[in-house]
$ cat query-v1.txt   # compact mmCIF, C-alpha atoms
# COMPACT_ATOMS: atom_id res chain seq x y z
CA MET M 1 29.27 -22.64 2.55
CA PRO M 2 32.04 -23.07 5.15
CA LEU M 3 35.34 -22.25 3.53
CA VAL M 4 37.59 -22.47 6.56
CA SER M 5 39.05 -25.89 7.24
CA ALA M 6 40.75 -27.04 10.40
CA ASP M 7 44.19 -27.02 8.79
CA LEU M 8 44.60 -23.90 6.73
CA PRO M 9 42.79 -20.60 6.50
CA ARG M 10 41.03 -20.56 3.14
CA ALA M 11 38.53 -17.73 2.91
CA PRO M 12 41.01 -14.80 2.61
CA GLY M 13 42.96 -16.50 -0.18
CA PHE M 14 39.85 -17.66 -1.99
CA SER M 15 38.11 -14.29 -2.02
CA ALA M 16 41.33 -12.47 -2.96
CA GLY M 17 41.74 -14.83 -5.92
CA PHE M 18 38.08 -14.54 -6.85
CA ARG M 19 38.31 -10.74 -6.92
CA ALA M 20 41.71 -10.60 -8.64
CA ALA M 21 40.26 -12.51 -11.61
CA TRP M 22 37.88 -9.70 -12.51
CA ARG M 23 40.73 -7.17 -12.57
CA SER M 24 42.41 -9.29 -15.25
CA VAL M 25 41.71 -8.65 -18.91
CA LEU M 26 41.63 -12.44 -19.30
CA ALA M 27 38.23 -12.70 -17.54
CA TYR M 28 36.75 -10.62 -20.39
CA VAL M 29 38.77 -12.45 -23.01
CA ILE M 30 37.30 -15.71 -21.64
CA ILE M 31 33.76 -14.31 -21.94
CA GLY M 32 34.45 -13.39 -25.57
CA THR M 33 36.05 -16.71 -26.41
CA TYR M 34 33.19 -18.69 -24.86
CA ILE M 35 30.59 -16.60 -26.69
CA GLY M 36 32.11 -18.22 -29.78
CA ILE M 37 31.89 -21.69 -28.23
CA GLY M 38 28.27 -21.20 -27.09
CA ALA M 39 27.34 -20.03 -30.59
CA LEU M 40 29.08 -23.03 -32.15
CA ALA M 41 27.21 -25.47 -29.88
CA HIS M 42 23.92 -23.78 -30.75
CA ASP M 43 24.64 -24.00 -34.49
CA PHE M 44 25.41 -27.70 -34.22
CA GLY M 45 22.25 -28.47 -32.23
CA PHE M 46 23.64 -29.22 -28.76
CA SER M 47 21.59 -28.20 -25.69
CA VAL M 48 22.67 -25.22 -23.63
CA TRP M 49 23.08 -27.47 -20.56
CA TRP M 50 25.32 -29.84 -22.46
CA VAL M 51 27.67 -27.09 -23.64
CA MET M 52 27.71 -25.53 -20.13
CA ALA M 53 28.61 -28.95 -18.70
CA SER M 54 31.41 -29.22 -21.27
CA THR M 55 32.74 -25.83 -20.10
CA VAL M 56 32.87 -27.03 -16.47
CA LEU M 57 34.22 -30.52 -17.18
CA VAL M 58 36.54 -30.01 -20.13
CA TRP M 59 37.55 -26.40 -19.36
CA ALA M 60 39.77 -26.02 -22.41
CA GLY M 61 38.51 -23.93 -25.33
CA PRO M 62 40.23 -25.67 -28.26
CA ALA M 63 39.27 -29.13 -26.93
CA GLN M 64 35.63 -28.03 -26.65
CA VAL M 65 35.62 -26.70 -30.21
CA ILE M 66 37.03 -30.02 -31.44
CA LEU M 67 34.56 -32.04 -29.34
CA ILE M 68 31.57 -30.10 -30.66
CA THR M 69 32.60 -30.12 -34.32
CA ALA M 70 33.76 -33.76 -34.31
CA LEU M 71 30.56 -35.07 -32.67
CA ALA M 72 28.41 -32.95 -34.99
CA ALA M 73 30.33 -34.22 -38.02
CA GLY M 74 29.63 -37.80 -36.93
CA ALA M 75 33.22 -38.77 -36.07
CA THR M 76 33.55 -42.04 -34.14
CA PRO M 77 33.96 -41.76 -30.34
CA LEU M 78 37.55 -43.01 -30.59
CA GLU M 79 38.50 -40.45 -33.28
CA THR M 80 36.88 -37.70 -31.23
CA ALA M 81 38.62 -38.73 -28.00
CA LEU M 82 42.00 -38.84 -29.77
CA ALA M 83 41.54 -35.43 -31.38
CA VAL M 84 40.47 -33.91 -28.05
CA SER M 85 43.38 -35.49 -26.22
CA LEU M 86 45.98 -34.38 -28.79
CA SER M 87 44.76 -30.78 -28.56
CA SER M 88 45.14 -30.83 -24.77
CA VAL M 89 48.72 -32.07 -24.38
CA ARG M 90 49.68 -28.46 -23.64
CA LEU M 91 47.88 -28.79 -20.28
CA LEU M 92 50.68 -31.08 -19.05
CA PRO M 93 53.54 -28.51 -19.00
CA LEU M 94 51.06 -25.91 -17.69
CA VAL M 95 50.16 -28.09 -14.70
CA ILE M 96 53.78 -29.10 -14.03
CA SER M 97 54.97 -25.50 -14.04
CA LEU M 98 52.06 -24.17 -11.97
CA LEU M 99 51.43 -26.63 -9.12
CA PRO M 100 54.90 -26.40 -7.51
CA LEU M 101 54.10 -22.73 -6.81
CA LEU M 102 51.19 -23.90 -4.64
CA ASN M 103 53.31 -26.27 -2.57
CA HIS M 104 53.41 -25.86 1.15
CA PRO M 105 54.53 -28.27 3.88
CA ARG M 106 50.97 -28.65 5.18
CA ILE M 107 49.38 -29.15 1.74
CA ARG M 108 47.88 -32.57 1.10
CA HIS M 109 48.37 -33.82 -2.43
CA ARG M 110 44.61 -34.11 -2.96
CA ASP M 111 44.27 -30.35 -2.30
CA LEU M 112 46.00 -29.88 -5.67
CA VAL M 113 43.33 -31.79 -7.64
CA LEU M 114 40.99 -28.80 -7.94
CA PRO M 115 43.75 -26.32 -8.93
CA ALA M 116 44.93 -28.91 -11.49
CA HIS M 117 41.42 -29.06 -12.96
CA PHE M 118 41.19 -25.25 -13.08
CA THR M 119 44.54 -25.09 -14.90
CA ALA M 120 44.21 -23.65 -18.38
CA VAL M 121 46.27 -21.01 -20.16
CA SER M 122 44.30 -18.17 -18.55
CA LEU M 123 44.78 -19.43 -14.99
CA TRP M 124 48.42 -20.29 -15.65
CA ILE M 125 49.21 -16.77 -16.89
CA GLU M 126 47.52 -14.95 -14.01
CA ALA M 127 48.62 -17.38 -11.29
CA LEU M 128 52.27 -17.10 -12.36
CA ARG M 129 51.97 -13.32 -12.25
CA LEU M 130 50.05 -12.97 -8.97
CA LEU M 131 51.09 -15.94 -6.80
CA PRO M 132 54.59 -14.73 -5.82
CA ALA M 133 52.93 -11.94 -3.80
CA VAL M 134 50.46 -14.33 -2.09
CA PRO M 135 51.52 -15.99 1.21
CA ARG M 136 52.30 -19.67 0.65
CA GLU M 137 49.60 -21.02 2.93
CA LEU M 138 46.93 -19.11 0.98
CA ARG M 139 48.04 -20.02 -2.54
CA VAL M 140 45.83 -23.07 -3.13
CA SER M 141 42.68 -21.23 -2.13
CA PHE M 142 43.81 -18.16 -4.11
CA ALA M 143 44.22 -20.31 -7.22
CA ASN M 144 40.81 -21.89 -6.63
CA GLY M 145 39.17 -18.47 -6.33
CA LEU M 146 40.88 -17.30 -9.50
CA GLY M 147 39.87 -20.49 -11.33
CA LEU M 148 36.25 -20.33 -10.19
CA SER M 149 35.93 -16.70 -11.37
CA PHE M 150 37.36 -17.57 -14.76
CA MET M 151 35.01 -20.54 -15.05
CA LEU M 152 32.01 -18.36 -14.17
CA ALA M 153 33.13 -15.88 -16.85
CA ALA M 154 33.26 -18.78 -19.30
CA LEU M 155 29.77 -19.97 -18.30
CA ALA M 156 28.36 -16.46 -18.77
CA GLY M 157 30.00 -16.29 -22.21
CA THR M 158 28.74 -19.77 -23.13
CA GLY M 159 25.17 -18.76 -22.27
CA PHE M 160 25.36 -15.39 -24.10
CA GLY M 161 26.82 -17.01 -27.18
CA TYR M 162 24.24 -19.78 -27.21
CA TYR M 163 21.33 -17.36 -27.31
CA LEU M 164 23.02 -14.69 -29.45
CA ALA M 165 24.29 -17.24 -31.97
CA THR M 166 22.26 -16.18 -34.98
CA SER M 167 22.86 -12.46 -34.60
CA LEU M 168 26.66 -12.19 -34.61
CA PRO M 169 28.12 -10.38 -37.67
CA PRO M 170 31.23 -12.02 -39.23
CA TRP M 171 33.59 -9.15 -38.30
CA LEU M 172 32.61 -9.56 -34.65
CA THR M 173 33.16 -13.33 -34.77
CA ALA M 174 36.61 -12.68 -36.27
CA GLY M 175 37.25 -10.22 -33.43
CA LEU M 176 36.29 -12.86 -30.83
CA LEU M 177 38.69 -15.38 -32.39
CA PHE M 178 41.44 -12.74 -32.36
CA LEU M 179 41.07 -12.19 -28.58
CA THR M 180 43.08 -15.33 -27.79
CA PRO M 181 46.32 -14.60 -29.68
CA MET M 182 46.24 -10.88 -28.83
CA SER M 183 45.70 -11.22 -25.09
CA PHE M 184 47.95 -14.28 -24.68
CA LEU M 185 50.85 -12.59 -26.48
CA ILE M 186 50.67 -9.45 -24.33
CA SER M 187 50.07 -11.28 -21.03
CA THR M 188 52.92 -13.71 -21.69
CA THR M 189 55.25 -10.84 -22.57
CA ARG M 190 54.30 -9.08 -19.35
CA ASN M 191 55.13 -12.27 -17.40
CA CYS M 192 58.63 -12.63 -18.90
CA ARG M 193 61.16 -11.93 -16.18
CA PHE M 194 64.26 -13.95 -17.00
CA LEU M 195 66.23 -14.56 -20.18
CA VAL M 196 64.88 -18.12 -20.33
CA ASP M 197 61.29 -16.76 -20.50
CA TRP M 198 62.10 -14.35 -23.34
CA LEU M 199 63.96 -17.02 -25.31
CA ALA M 200 61.14 -19.56 -24.89
CA LEU M 201 58.65 -16.96 -26.13
CA ALA M 202 60.76 -15.93 -29.13
CA PHE M 203 61.74 -19.48 -30.16
CA GLY M 204 58.12 -20.67 -29.82
CA LEU M 205 56.79 -17.80 -31.96
CA VAL M 206 59.18 -18.80 -34.77
CA LEU M 207 59.05 -22.60 -34.48
CA GLY M 208 55.26 -22.87 -34.03
CA PRO M 209 54.27 -21.63 -37.50
CA LEU M 210 57.30 -23.32 -39.11
CA LEU M 211 56.23 -26.76 -37.89
CA ALA M 212 52.56 -26.01 -38.62
CA TRP M 213 53.57 -24.99 -42.13
CA GLY M 214 55.51 -28.25 -42.47
CA LYS M 215 52.25 -30.06 -41.63
CA LEU M 216 53.95 -32.03 -38.88
CA GLU M 217 51.70 -34.12 -36.60
CA LEU M 218 51.49 -32.65 -33.08
CA ASP M 219 53.24 -29.52 -34.38
CA ILE M 220 52.46 -27.39 -31.31
CA LEU M 221 53.80 -30.00 -28.90
CA TRP M 222 57.08 -30.49 -30.81
CA ALA M 223 57.52 -26.75 -31.27
CA GLY M 224 57.00 -26.22 -27.53
CA LEU M 225 59.36 -29.02 -26.52
CA ALA M 226 62.10 -27.93 -28.94
CA ALA M 227 61.81 -24.18 -28.32
CA GLY M 228 61.42 -24.58 -24.55
CA SER M 229 64.35 -27.00 -24.30
CA ALA M 230 66.54 -24.72 -26.45
CA ALA M 231 65.69 -21.75 -24.19
CA TYR M 232 66.44 -23.89 -21.13
CA GLY M 233 69.73 -25.02 -22.72
CA VAL M 234 70.88 -21.44 -23.25
CA HIS M 235 69.89 -20.66 -19.67
CA ARG M 236 72.02 -23.56 -18.35
CA LEU M 237 75.00 -22.72 -20.59
CA ARG M 238 74.91 -19.12 -19.46
CA GLY M 239 74.82 -20.28 -15.84
CA ALA M 240 77.82 -22.57 -16.46
CA PHE M 241 79.93 -19.70 -17.85
CA LYS M 242 79.23 -17.34 -14.95
CA MET D 1 15.68 -38.51 -22.74
CA ASN D 2 17.73 -41.49 -23.86
CA ALA D 3 19.46 -39.49 -26.60
CA ASP D 4 20.02 -36.78 -24.01
CA LEU D 5 21.73 -39.19 -21.62
CA HIS D 6 23.81 -40.51 -24.53
CA ALA D 7 25.14 -36.99 -25.21
CA TYR D 8 26.28 -36.59 -21.59
CA VAL D 9 27.94 -40.01 -21.53
CA LEU D 10 29.81 -39.04 -24.73
CA LEU D 11 30.83 -35.75 -23.08
CA LEU D 12 32.36 -37.67 -20.17
CA LEU D 13 34.04 -40.40 -22.22
CA VAL D 14 35.34 -38.55 -25.29
CA GLY D 15 35.47 -34.97 -23.91
CA PHE D 16 36.26 -34.92 -20.21
CA LEU D 17 38.46 -38.02 -19.79
CA PRO D 18 40.88 -37.66 -22.75
CA ASN D 19 41.35 -34.00 -21.82
CA GLU D 20 41.64 -34.40 -18.05
CA VAL D 21 44.22 -37.17 -18.32
CA TRP D 22 46.95 -34.54 -19.00
CA ARG D 23 46.05 -32.57 -15.89
CA MET D 24 46.08 -35.69 -13.72
CA LEU D 25 49.36 -36.82 -15.26
CA GLY D 26 50.81 -33.41 -14.36
CA LEU D 27 49.51 -33.88 -10.83
CA VAL D 28 51.44 -37.16 -10.59
CA PHE D 29 54.64 -35.62 -12.00
CA VAL D 30 54.76 -32.67 -9.59
CA ARG D 31 54.92 -34.81 -6.46
CA GLY D 32 58.05 -33.71 -4.64
CA ILE D 33 59.02 -31.05 -7.16
CA ASP D 34 59.83 -27.61 -5.83
CA GLU D 35 60.11 -24.40 -7.80
CA GLU D 36 63.89 -24.26 -7.54
CA SER D 37 64.33 -27.57 -9.38
CA ALA D 38 65.74 -27.74 -12.92
CA PHE D 39 62.72 -29.80 -14.04
CA PHE D 40 60.40 -26.98 -12.99
CA VAL D 41 62.42 -24.32 -14.86
CA TRP D 42 62.44 -26.53 -17.97
CA ALA D 43 58.67 -27.25 -17.74
CA ARG D 44 58.00 -23.52 -17.44
CA ALA D 45 60.10 -22.80 -20.55
CA VAL D 46 58.23 -25.53 -22.47
CA ALA D 47 54.85 -24.17 -21.33
CA THR D 48 55.83 -20.64 -22.42
CA ALA D 49 57.06 -21.92 -25.79
CA VAL D 50 53.89 -24.00 -26.35
CA LEU D 51 51.84 -20.87 -25.70
CA ALA D 52 53.98 -18.83 -28.11
CA ALA D 53 53.60 -21.54 -30.76
CA VAL D 54 49.80 -21.51 -30.31
CA ILE D 55 49.69 -17.71 -30.65
CA ALA D 56 51.77 -17.65 -33.84
CA LYS D 57 49.85 -20.57 -35.36
CA ILE D 58 46.47 -18.90 -34.79
CA LEU D 59 47.79 -15.72 -36.43
CA LEU D 60 49.31 -17.35 -39.49
CA PHE D 61 46.93 -20.33 -39.91
CA PRO D 62 43.74 -18.85 -38.42
CA PRO D 63 40.60 -20.86 -37.55
CA GLY D 64 37.06 -20.16 -38.76
CA LEU D 65 36.03 -16.66 -39.74
CA LEU D 66 39.40 -15.21 -38.74
CA ALA D 67 40.77 -16.85 -41.90
CA ALA D 68 38.59 -14.50 -43.98
CA VAL D 69 40.50 -11.51 -42.57
CA PRO D 70 43.56 -10.71 -44.75
CA MET D 71 46.96 -11.63 -43.30
CA ILE D 72 48.12 -7.98 -43.42
CA VAL D 73 45.20 -6.98 -41.16
CA ARG D 74 45.90 -9.80 -38.67
CA VAL D 75 49.59 -9.01 -38.43
CA GLY D 76 48.93 -5.25 -38.39
CA ALA D 77 46.42 -5.69 -35.56
CA ILE D 78 48.80 -7.76 -33.43
CA ALA D 79 51.57 -5.17 -34.02
CA ALA D 80 49.21 -2.30 -33.11
CA GLY D 81 48.08 -4.10 -29.96
CA PHE D 82 51.64 -4.83 -28.92
CA ALA D 83 52.71 -1.22 -29.57
CA ALA D 84 49.76 0.11 -27.51
CA PHE D 85 50.73 -2.25 -24.66
CA LEU D 86 54.30 -0.86 -24.65
CA LEU D 87 53.24 2.79 -25.05
CA VAL D 88 50.38 2.90 -22.53
CA ARG D 89 52.25 2.03 -19.31
CA ARG D 90 52.40 -1.70 -20.22
CA SER D 91 48.60 -1.94 -19.93
CA VAL D 92 47.19 -5.28 -21.13
CA PHE D 93 43.71 -3.72 -21.47
CA ALA D 94 45.04 -0.97 -23.76
CA GLY D 95 46.93 -3.47 -25.88
CA VAL D 96 44.02 -5.87 -26.34
CA ALA D 97 41.60 -3.00 -27.04
CA ALA D 98 43.89 -1.43 -29.68
CA GLY D 99 44.49 -4.77 -31.40
CA GLU D 100 40.77 -5.57 -31.44
CA VAL D 101 39.83 -2.16 -32.88
CA VAL D 102 42.33 -2.55 -35.73
CA LEU D 103 41.26 -6.14 -36.44
CA THR D 104 37.48 -5.65 -36.39
CA PHE D 105 37.74 -2.40 -38.40
CA GLY D 106 39.98 -4.12 -40.95
CA ALA D 107 37.63 -7.11 -41.14
CA TRP D 108 34.64 -4.80 -41.60
CA LEU D 109 36.42 -2.76 -44.31
CA HIS D 110 37.45 -5.92 -46.12
CA ALA D 111 33.84 -7.18 -46.13
CA GLN D 112 32.50 -3.95 -47.73
$ encode --input "query-v1.txt" --output "structure tokens"
Amino acid sequence: MPLVSADLPRAPGFSAGFRAAWRSVLAYVIIGTYIGIGALAHDFGFSVWWVMASTVLVWAGPAQVILITALAAGATPLETALAVSLSSVRLLPLVISLLPLLNHPRIRHRDLVLPAHFTAVSLWIEALRLLPAVPRELRVSFANGLGLSFMLAALAGTGFGYYLATSLPPWLTAGLLFLTPMSFLISTTRNCRFLVDWLALAFGLVLGPLLAWGKLELDILWAGLAAGSAAYGVHRLRGAFK
Amino acid sequence: MNADLHAYVLLLLVGFLPNEVWRMLGLVFVRGIDEESAFFVWARAVATAVLAAVIAKILLFPPGLLAAVPMIVRVGAIAAGFAAFLLVRRSVFAGVAAGEVVLTFGAWLHAQ
């Protein structure tokens, strides 16, 4: 497959991103998480090709879990679509805070479609950490390499989980579900560089469960907006007093 | 075959589209935004906070079989993982491994 276009060199960025993914703990976390999703799809009677297609097309763990359980429970298409969409609102701030890092004077806007599709929490975390050291003209292909690796990890996990489904002990399933909060908390902490990052993390950790406990609709979204805006507000105030 | 096709059409209409709309909306919003802009800094803070909220919610209101693990084990495991991350040269691998060992061992003990 030719990876070099007339405009920008692609192959070095792509392969660097592809390889960097496997040095990230998140590649293995993705495998574990998707073992759970493959097993779920198997239990609810979906075909292995269908769940693999959902991994490539949806590419968001919580949305896939909702899609599988809602369809299996006989929810209407509209109810299912709404539930999936509500769970995925978090993708919006992820995309908005990732894509500007890929910008480059010679980038065409359509070159950002694939990185936008690859955007998920895993890619966001590792791209924010690794991209500052990548030359600007290579960043889009680097992100695509990273995203493709993570997606392949997910497909491997989906397949494993589908065929292992019946043999997973409950303590292992609990361990797979625990991979997400554990790895996300540590990776996000490692990525915190400025006061605004630390405040957003701390405020979100407190507000998230509070709003969930209050049974508010869209609790995660409101918690993120409020905690993130408060952190940003402190950041601006501090700047104003300097 | 027909039922098969139906499942894939559903995947596109109620799985792919309602999910992808947020990514494409983000793509529209970022036109002309550079990483020095205030909007970008704010969006990054919101994204970080959303992630933090998701983490804390999973821990305190866990899904599926994780709910069968006692709260003390879940919180203890996340604390152990975080401590290992700080102690072992800020290694993410060490932190995740330590947290997982504590959680799965606790879950196994609880089931006995």
$ atom_distance --input "query-v1.txt" --atom1 "atom CA of Phe203 of chain M" --atom2 "atom CA of Ala231 of chain M"
7.5 Å
$ interface_residues --input "query-v1.txt" --of "chain M" --to "chain D" --cutoff "7 Å" --atoms "only C-alpha atoms" --output "compact mmCIF listing (two decimals) with C-alpha atoms, in the frame of the given file"
# COMPACT_ATOMS: atom_id res chain seq x y z
CA VAL M 25 41.71 -8.65 -18.91
CA TRP M 50 25.32 -29.84 -22.46
CA SER M 54 31.41 -29.22 -21.27
CA LEU M 57 34.22 -30.52 -17.18
CA VAL M 58 36.54 -30.01 -20.13
CA LEU M 67 34.56 -32.04 -29.34
CA PRO M 77 33.96 -41.76 -30.34
CA THR M 80 36.88 -37.70 -31.23
CA ALA M 81 38.62 -38.73 -28.00
CA VAL M 84 40.47 -33.91 -28.05
CA SER M 85 43.38 -35.49 -26.22
CA SER M 88 45.14 -30.83 -24.77
CA VAL M 89 48.72 -32.07 -24.38
CA ARG M 90 49.68 -28.46 -23.64
CA LEU M 91 47.88 -28.79 -20.28
CA LEU M 92 50.68 -31.08 -19.05
CA PRO M 93 53.54 -28.51 -19.00
CA LEU M 94 51.06 -25.91 -17.69
CA VAL M 95 50.16 -28.09 -14.70
CA ILE M 96 53.78 -29.10 -14.03
CA SER M 97 54.97 -25.50 -14.04
CA LEU M 99 51.43 -26.63 -9.12
CA PRO M 100 54.90 -26.40 -7.51
CA LEU M 101 54.10 -22.73 -6.81
CA ALA M 116 44.93 -28.91 -11.49
CA HIS M 117 41.42 -29.06 -12.96
CA PRO M 170 31.23 -12.02 -39.23
CA TRP M 171 33.59 -9.15 -38.30
CA LEU M 172 32.61 -9.56 -34.65
CA THR M 173 33.16 -13.33 -34.77
CA ALA M 174 36.61 -12.68 -36.27
CA GLY M 175 37.25 -10.22 -33.43
CA LEU M 177 38.69 -15.38 -32.39
CA PRO M 181 46.32 -14.60 -29.68
CA MET M 182 46.24 -10.88 -28.83
CA SER M 183 45.70 -11.22 -25.09
CA LEU M 185 50.85 -12.59 -26.48
CA ILE M 186 50.67 -9.45 -24.33
CA SER M 187 50.07 -11.28 -21.03
CA VAL M 196 64.88 -18.12 -20.33
CA ASP M 197 61.29 -16.76 -20.50
CA ALA M 200 61.14 -19.56 -24.89
CA LEU M 201 58.65 -16.96 -26.13
CA PHE M 203 61.74 -19.48 -30.16
CA GLY M 204 58.12 -20.67 -29.82
CA LEU M 205 56.79 -17.80 -31.96
CA LEU M 207 59.05 -22.60 -34.48
CA GLY M 208 55.26 -22.87 -34.03
CA PRO M 209 54.27 -21.63 -37.50
CA ALA M 212 52.56 -26.01 -38.62
CA ILE M 220 52.46 -27.39 -31.31
CA LEU M 221 53.80 -30.00 -28.90
CA ALA M 223 57.52 -26.75 -31.27
CA GLY M 224 57.00 -26.22 -27.53
CA LEU M 225 59.36 -29.02 -26.52
CA ALA M 227 61.81 -24.18 -28.32
CA GLY M 228 61.42 -24.58 -24.55
CA SER M 229 64.35 -27.00 -24.30
CA ALA M 231 65.69 -21.75 -24.19
CA TYR M 232 66.44 -23.89 -21.13
$ axis_aligned_box --input "query-v1.txt" --around "segment 100-115 of chain M" --padding-each-side "4 Å" --output "AutoDock Vina command-line options"
--center_x 47.9 --center_y -28.4 --center_z -1.9 --size_x 21.9 --size_y 19.4 --size_z 22.1
$ residues_around --input "query-v1.txt" --residues "segment 37-42 of chain M" --least-positions-apart "2" --cutoff "8 Å" --atoms "all atoms listed in the file" --output "list in words"
Thr33, Tyr34, Ile35, Phe44, Gly45, Phe46, Ser47, Val48, Val51, Gly61, Gln64, Val65, Ile68, Gly157, Thr158, Gly159, Phe160, Gly161, Tyr162, Tyr163, Leu164, Ala165 and Thr166 of chain M
$ write_last_selection --input "query-v1.txt" --atoms "C-alpha atoms" --output "CSV table (one decimal), in the frame of the given file"
chain,number,residue,atom,x,y,z
M,33,THR,CA,36.0,-16.7,-26.4
M,34,TYR,CA,33.2,-18.7,-24.9
M,35,ILE,CA,30.6,-16.6,-26.7
M,44,PHE,CA,25.4,-27.7,-34.2
M,45,GLY,CA,22.2,-28.5,-32.2
M,46,PHE,CA,23.6,-29.2,-28.8
M,47,SER,CA,21.6,-28.2,-25.7
M,48,VAL,CA,22.7,-25.2,-23.6
M,51,VAL,CA,27.7,-27.1,-23.6
M,61,GLY,CA,38.5,-23.9,-25.3
M,64,GLN,CA,35.6,-28.0,-26.6
M,65,VAL,CA,35.6,-26.7,-30.2
M,68,ILE,CA,31.6,-30.1,-30.7
M,157,GLY,CA,30.0,-16.3,-22.2
M,158,THR,CA,28.7,-19.8,-23.1
M,159,GLY,CA,25.2,-18.8,-22.3
M,160,PHE,CA,25.4,-15.4,-24.1
M,161,GLY,CA,26.8,-17.0,-27.2
M,162,TYR,CA,24.2,-19.8,-27.2
M,163,TYR,CA,21.3,-17.4,-27.3
M,164,LEU,CA,23.0,-14.7,-29.4
M,165,ALA,CA,24.3,-17.2,-32.0
M,166,THR,CA,22.3,-16.2,-35.0
$ atom_distance --input "query-v1.txt" --atom1 "atom CA of Ala154 of chain M" --atom2 "atom CA of Ala63 of chain M"
14.2 Å
$ build_atoms --input "query-v1.txt" --residues "segment 121-134 of chain M" --atoms "N, CA and C atoms" --output "mmCIF file, in the coordinates of the input"
data_model
loop_
_atom_site.group_PDB
_atom_site.id
_atom_site.type_symbol
_atom_site.label_atom_id
_atom_site.label_comp_id
_atom_site.auth_asym_id
_atom_site.auth_seq_id
_atom_site.Cartn_x
_atom_site.Cartn_y
_atom_site.Cartn_z
ATOM 1 N N VAL M 121 45.307 -22.078 -19.885
ATOM 2 C CA VAL M 121 46.270 -21.010 -20.160
ATOM 3 C C VAL M 121 45.966 -19.760 -19.339
ATOM 4 N N SER M 122 44.672 -19.393 -19.269
ATOM 5 C CA SER M 122 44.300 -18.170 -18.550
ATOM 6 C C SER M 122 44.736 -18.222 -17.090
ATOM 7 N N LEU M 123 44.417 -19.313 -16.403
ATOM 8 C CA LEU M 123 44.780 -19.430 -14.990
ATOM 9 C C LEU M 123 46.303 -19.465 -14.829
ATOM 10 N N TRP M 124 46.955 -20.169 -15.710
ATOM 11 C CA TRP M 124 48.420 -20.290 -15.650
ATOM 12 C C TRP M 124 49.070 -18.911 -15.729
ATOM 13 N N ILE M 125 48.627 -18.109 -16.703
ATOM 14 C CA ILE M 125 49.210 -16.770 -16.890
ATOM 15 C C ILE M 125 49.020 -15.924 -15.630
ATOM 16 N N GLU M 126 47.782 -15.855 -15.130
ATOM 17 C CA GLU M 126 47.520 -14.950 -14.010
ATOM 18 C C GLU M 126 48.069 -15.491 -12.690
ATOM 19 N N ALA M 127 48.070 -16.814 -12.519
ATOM 20 C CA ALA M 127 48.620 -17.380 -11.290
ATOM 21 C C ALA M 127 50.124 -17.148 -11.224
ATOM 22 N N LEU M 128 50.822 -17.330 -12.353
ATOM 23 C CA LEU M 128 52.270 -17.100 -12.360
ATOM 24 C C LEU M 128 52.589 -15.644 -12.043
ATOM 25 N N ARG M 129 51.738 -14.746 -12.487
ATOM 26 C CA ARG M 129 51.970 -13.320 -12.250
ATOM 27 C C ARG M 129 51.659 -12.953 -10.796
ATOM 28 N N LEU M 130 50.542 -13.460 -10.264
ATOM 29 C CA LEU M 130 50.050 -12.970 -8.970
ATOM 30 C C LEU M 130 50.536 -13.782 -7.765
ATOM 31 N N LEU M 131 50.786 -15.091 -7.957
ATOM 32 C CA LEU M 131 51.090 -15.940 -6.800
ATOM 33 C C LEU M 131 52.325 -15.542 -5.988
ATOM 34 N N PRO M 132 53.414 -15.056 -6.635
ATOM 35 C CA PRO M 132 54.590 -14.730 -5.820
ATOM 36 C C PRO M 132 54.290 -13.741 -4.694
ATOM 37 N N ALA M 133 53.257 -12.916 -4.846
ATOM 38 C CA ALA M 133 52.930 -11.940 -3.800
ATOM 39 C C ALA M 133 51.944 -12.510 -2.779
ATOM 40 N N VAL M 134 51.453 -13.737 -3.000
ATOM 41 C CA VAL M 134 50.460 -14.330 -2.090
ATOM 42 C C VAL M 134 51.191 -15.227 -1.082
#
